[in-house]
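Below you'll find the structure, written out as structure tokens, and then a few comments.
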Amino acid sequence: MASGNERPQTFNGRISRQKVGVRYLLFLPRDYRARGPRRWPLIFFLHGAGERGTNVWWVAKHGPPKIVKDKPDFPFIVVSPQCPEGQTWSNDTLWTLLDDVVSRYRVDVSRIYLTGLSMGGYATWSLGLEHPERFAAIAPICGGGDTLKVLLPDADKVRALKTLPVWAFHGGKDPVVNPAESKRMVEALHQIGNEAKLTVYPEAQHDSWTETYNHPALYDWFLEHQRQSAHAK
């Protein structure tokens with residue numbers, strides 16, 4: 001695959017003997033090389049409900065897979081899976097896909113960043129809380145999650161969850177997902193000592209992602225963070 005371009009890919013695997021298939025867009029930076037010592041940071045992007053279906057290019061309507069169309073020098077590998085029509089994100093499928101990508105490409109496993117919008121924002125919270133040790137940072141947009149997984153985490157996740165960098169975003173006038181959903185997740189993280197931050201765009205409605213993904217601040221913030229005890233397969 002040529003570097004500096006985004007191309008559709010297909011992953012086929014198994015989860016507990018059940019076959020799974022995922023279509024996704026893969027972007028490799030222009031300076032990506034398949035050989036050598038260098039490894040690249042990775043953004044794992046999860047779209048919203050409107051991009052579900054069978055045309056994987058719908059995934060590029062928003063977020064990083066849209067941004068990289070005009071940025072061949074974007075410094076991240078970007079993996080953007082597509083959720084099938086009528087379904088929601090499956091954590092097991094996403095973990096299996098991520099493991100496959102890490103095994104195939106030169107990914108710096110200490111710099112894997114997770115972000116998503118709306119339905120993908122919920123999945124970002126879910127994956128990030130399930131295995132906080134896997135990510136260098138997460139950025140859920142107009143999503144929400146289960147505060148009990150923050151306040152009553154498994155014993156082996158306490159340290160990783162407390163130190164996981166989190167930057168959440170929401171529109172102050174969101175009619176689809178109440179901004180209180182993001183606020184309560186961030187407040188729960190504060191209760192356990194996590195320094196999570198929340199940006200609310202006061203006049204924005206459900207689309208709080210365009211401003212977020214179009215601004216370099218998010219990507220600069222990602223690159224400021226590196227997981228010291230990254231999980232590697």
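All residue names refer to the structure tokens as shown: chains lettered A, B, ... in order, residues numbered from 1 in each chain, ligands numbered from 1 in order.
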
Taking the DSSP secondary structure from the backbone, can you list the residues of region 33-202 of chain A that are strand (DSSP E or B), as a PyMOL selection string? chain A and resi 40-46+77-81+107-117+137-141+166-171+197-201

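Shortest atom-to-atom contact with Thr96 (chain A) among A:Asn12, A:Asn194, A:Asn5, A:Ser126: A:Asn12, counting only C-alpha atoms.
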
Contacts of region 8-30 of chain A with region 89-93 of chain A up to 10 Å, shortest pair per row, only C-alpha atoms, as CSV:
residue,atom,partner,partner_atom,distance
A:Gly13,CA,A:Thr93,CA,8.8
A:Arg14,CA,A:Thr93,CA,8.8
A:Ile15,CA,A:Asp92,CA,7.4
A:Ser16,CA,A:Asp92,CA,9.9
A:Val20,CA,A:Thr93,CA,7.2
A:Gly21,CA,A:Thr93,CA,8.5
A:Val22,CA,A:Thr93,CA,8.1

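If you look at CA of Leu198 (chain A) and CA of Ala136 (chain A), they are 17.3 Å away from each other.
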
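Using only C-alpha atoms for every distance, the candidate list A:Glu181, A:Asp220, A:Asp73, A:Asp31 yields A:Glu181 as the residue closest to Thr147 (chain A).
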
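Shortest atom-to-atom contact with Leu152 (chain A) among A:Thr199, A:Gln191, A:Thr10, A:Thr210: A:Gln191, counting only C-alpha atoms.
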
Give the helix (DSSP H, G or I) residues of region 6-184 of chain A, as assigned by DSSP on the backbone, as a VMD selection string. chain A and resid 49 to 51 56 to 61 64 to 70 91 to 104 119 to 130 132 to 134 148 to 151 155 to 163 180 to 184

With distances taken over only C-alpha atoms, the candidate from A:His190, A:His206, A:Lys66, A:Lys197 nearest Gly171 (chain A) is A:His206

Leaving out Val158 (chain A) and any residue of its chain fewer than 6 positions from it, which residues lie within 12 Å of it when counting only C-alpha atoms, given as a count of residues only? 14

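Among the candidates A:Phe135, A:Tyr213, A:Tyr219, A:Phe11, the one nearest to Leu117 (chain A) when counting only C-alpha atoms is A:Tyr213.
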
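Residues with any atom within 6 Å of Gly143 (chain A), counting only C-alpha atoms and excluding same-chain neighbours fewer than 2 positions away, are Ser118, Gly121, Tyr122 and Ile141 of chain A.
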
So which one's closest to Thr212 (chain A), A:Cys142, A:Ala160, A:Val176, A:Val166? Using only C-alpha atoms, please. A:Cys142

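Residues in contact with region 48-59 of chain A at up to 6 Å, not including ones fewer than 2 positions away on its chain and judged by only C-alpha atoms, are Lys61, Cys83, Pro84, Glu85, Leu117, Ser118, Met119 and Gly120 of chain A.
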
Output N, CA and C atoms for every residue in the selection just made, as a PDB file, in the first residue's frame.
ATOM      1  N   LYS A  61     -16.533  10.701   6.031  1.00  0.00           N
ATOM      2  CA  LYS A  61     -17.335  11.922   6.044  1.00  0.00           C
ATOM      3  C   LYS A  61     -16.888  12.875   7.137  1.00  0.00           C
ATOM      4  N   CYS A  83     -18.832   0.200  11.095  1.00  0.00           N
ATOM      5  CA  CYS A  83     -19.808  -0.649  11.775  1.00  0.00           C
ATOM      6  C   CYS A  83     -20.908  -1.039  10.784  1.00  0.00           C
ATOM      7  N   PRO A  84     -21.325  -2.301  10.762  1.00  0.00           N
ATOM      8  CA  PRO A  84     -22.392  -2.722   9.840  1.00  0.00           C
ATOM      9  C   PRO A  84     -23.714  -2.012  10.127  1.00  0.00           C
ATOM     10  N   GLU A  85     -24.526  -1.892   9.101  1.00  0.00           N
ATOM     11  CA  GLU A  85     -25.843  -1.270   9.223  1.00  0.00           C
ATOM     12  C   GLU A  85     -26.669  -1.980  10.291  1.00  0.00           C
ATOM     13  N   LEU A 117     -16.927   9.713  17.621  1.00  0.00           N
ATOM     14  CA  LEU A 117     -17.986  10.708  17.763  1.00  0.00           C
ATOM     15  C   LEU A 117     -19.351  10.040  17.884  1.00  0.00           C
ATOM     16  N   SER A 118     -20.190  10.597  18.734  1.00  0.00           N
ATOM     17  CA  SER A 118     -21.561  10.130  18.944  1.00  0.00           C
ATOM     18  C   SER A 118     -21.575   8.637  19.299  1.00  0.00           C
ATOM     19  N   MET A 119     -22.115   7.769  18.463  1.00  0.00           N
ATOM     20  CA  MET A 119     -22.046   6.338  18.758  1.00  0.00           C
ATOM     21  C   MET A 119     -20.600   5.911  18.979  1.00  0.00           C
ATOM     22  N   GLY A 120     -19.696   6.485  18.199  1.00  0.00           N
ATOM     23  CA  GLY A 120     -18.274   6.203  18.382  1.00  0.00           C
ATOM     24  C   GLY A 120     -17.700   6.848  19.626  1.00  0.00           C
TER      25      GLY A 120
END

Contacts of Gln205 (chain A) at 10 Å or less, counting only C-alpha atoms, minus same-chain residues fewer than 5 places along, as a compact mmCIF listing (two decimals) with C-alpha atoms, in the first residue's frame?
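Once everything was written out, this is around_8.txt:
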# COMPACT_ATOMS: atom_id res chain seq x y z
CA CYS A 142 -20.49 13.84 22.17
CA HIS A 170 -19.45 18.17 23.56
CA GLY A 171 -21.83 20.76 22.12
CA GLY A 172 -23.54 22.84 24.77
CA LYS A 173 -26.86 22.66 22.88
CA ASP A 174 -26.62 19.04 21.73
CA PRO A 175 -30.21 17.79 21.21
CA VAL A 176 -29.13 14.19 20.54
CA VAL A 177 -26.72 13.37 23.38
CA ASN A 178 -27.12 15.55 26.45
CA PRO A 179 -23.83 17.28 27.34

What does the distance between CA of Phe27 (chain A) and CA of Asp99 (chain A) come to in Å, to one decimal place? 16.5 Å

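Between CA of Asp146 (chain A) and CA of Leu161 (chain A) the separation is 13.6 Å.
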
Could you give me, as a compact mmCIF listing (two decimals) with C-alpha atoms, in the first residue's frame, the residues within 12 Å of Ile112 (chain A), counting only C-alpha atoms and dropping anything in the same chain fewer than 2 positions from it?
# COMPACT_ATOMS: atom_id res chain seq x y z
CA ARG A 39 7.42 2.93 14.52
CA TRP A 40 4.50 5.32 14.10
CA PRO A 41 1.73 6.54 16.42
CA LEU A 42 -1.78 5.33 15.59
CA ILE A 43 -5.22 6.92 15.80
CA PHE A 44 -8.11 4.46 16.12
CA PHE A 45 -11.22 6.36 14.96
CA PHE A 76 -0.21 9.13 12.42
CA ILE A 77 -1.29 5.79 11.08
CA VAL A 78 -5.09 6.12 11.02
CA VAL A 79 -7.41 3.10 11.30
CA LEU A 98 -6.63 -3.43 16.62
CA ASP A 99 -4.46 -6.42 17.50
CA VAL A 101 -3.29 -3.94 12.71
CA VAL A 102 -0.58 -3.79 15.38
CA ARG A 106 4.89 -0.69 12.37
CA VAL A 107 2.80 0.73 15.18
CA ASP A 108 4.31 2.33 18.26
CA VAL A 109 2.20 0.53 20.86
CA SER A 110 3.05 3.16 23.46
CA LEU A 114 -8.57 6.38 20.59
CA THR A 115 -11.28 8.80 19.49
CA GLY A 128 -10.99 3.19 27.09
CA PRO A 132 -7.08 1.83 29.74
CA GLU A 133 -3.59 0.33 29.60
CA ARG A 134 -3.90 -0.04 25.82
CA PHE A 135 -4.10 3.66 25.04
CA ALA A 136 -1.80 6.65 25.37
CA ALA A 137 -4.85 8.97 25.37
CA ILE A 138 -8.53 8.99 24.43
CA ALA A 139 -10.80 11.73 23.07
CA LEU A 164 -5.18 7.69 31.29
CA PRO A 165 -5.19 11.10 29.56
CA TYR A 219 -3.36 15.96 17.47
CA PHE A 222 -2.17 13.23 21.44
CA LEU A 223 1.54 13.44 20.63
CA GLU A 224 2.29 14.85 24.08
CA HIS A 225 1.24 11.53 25.62
CA GLN A 226 2.95 8.18 25.58
CA ARG A 227 1.96 5.08 27.53
CA GLN A 228 4.90 3.85 29.58
CA SER A 229 3.64 0.29 30.01
CA ALA A 230 1.94 -0.28 26.68
CA HIS A 231 0.28 -3.59 25.90
CA ALA A 232 1.84 -5.36 22.95
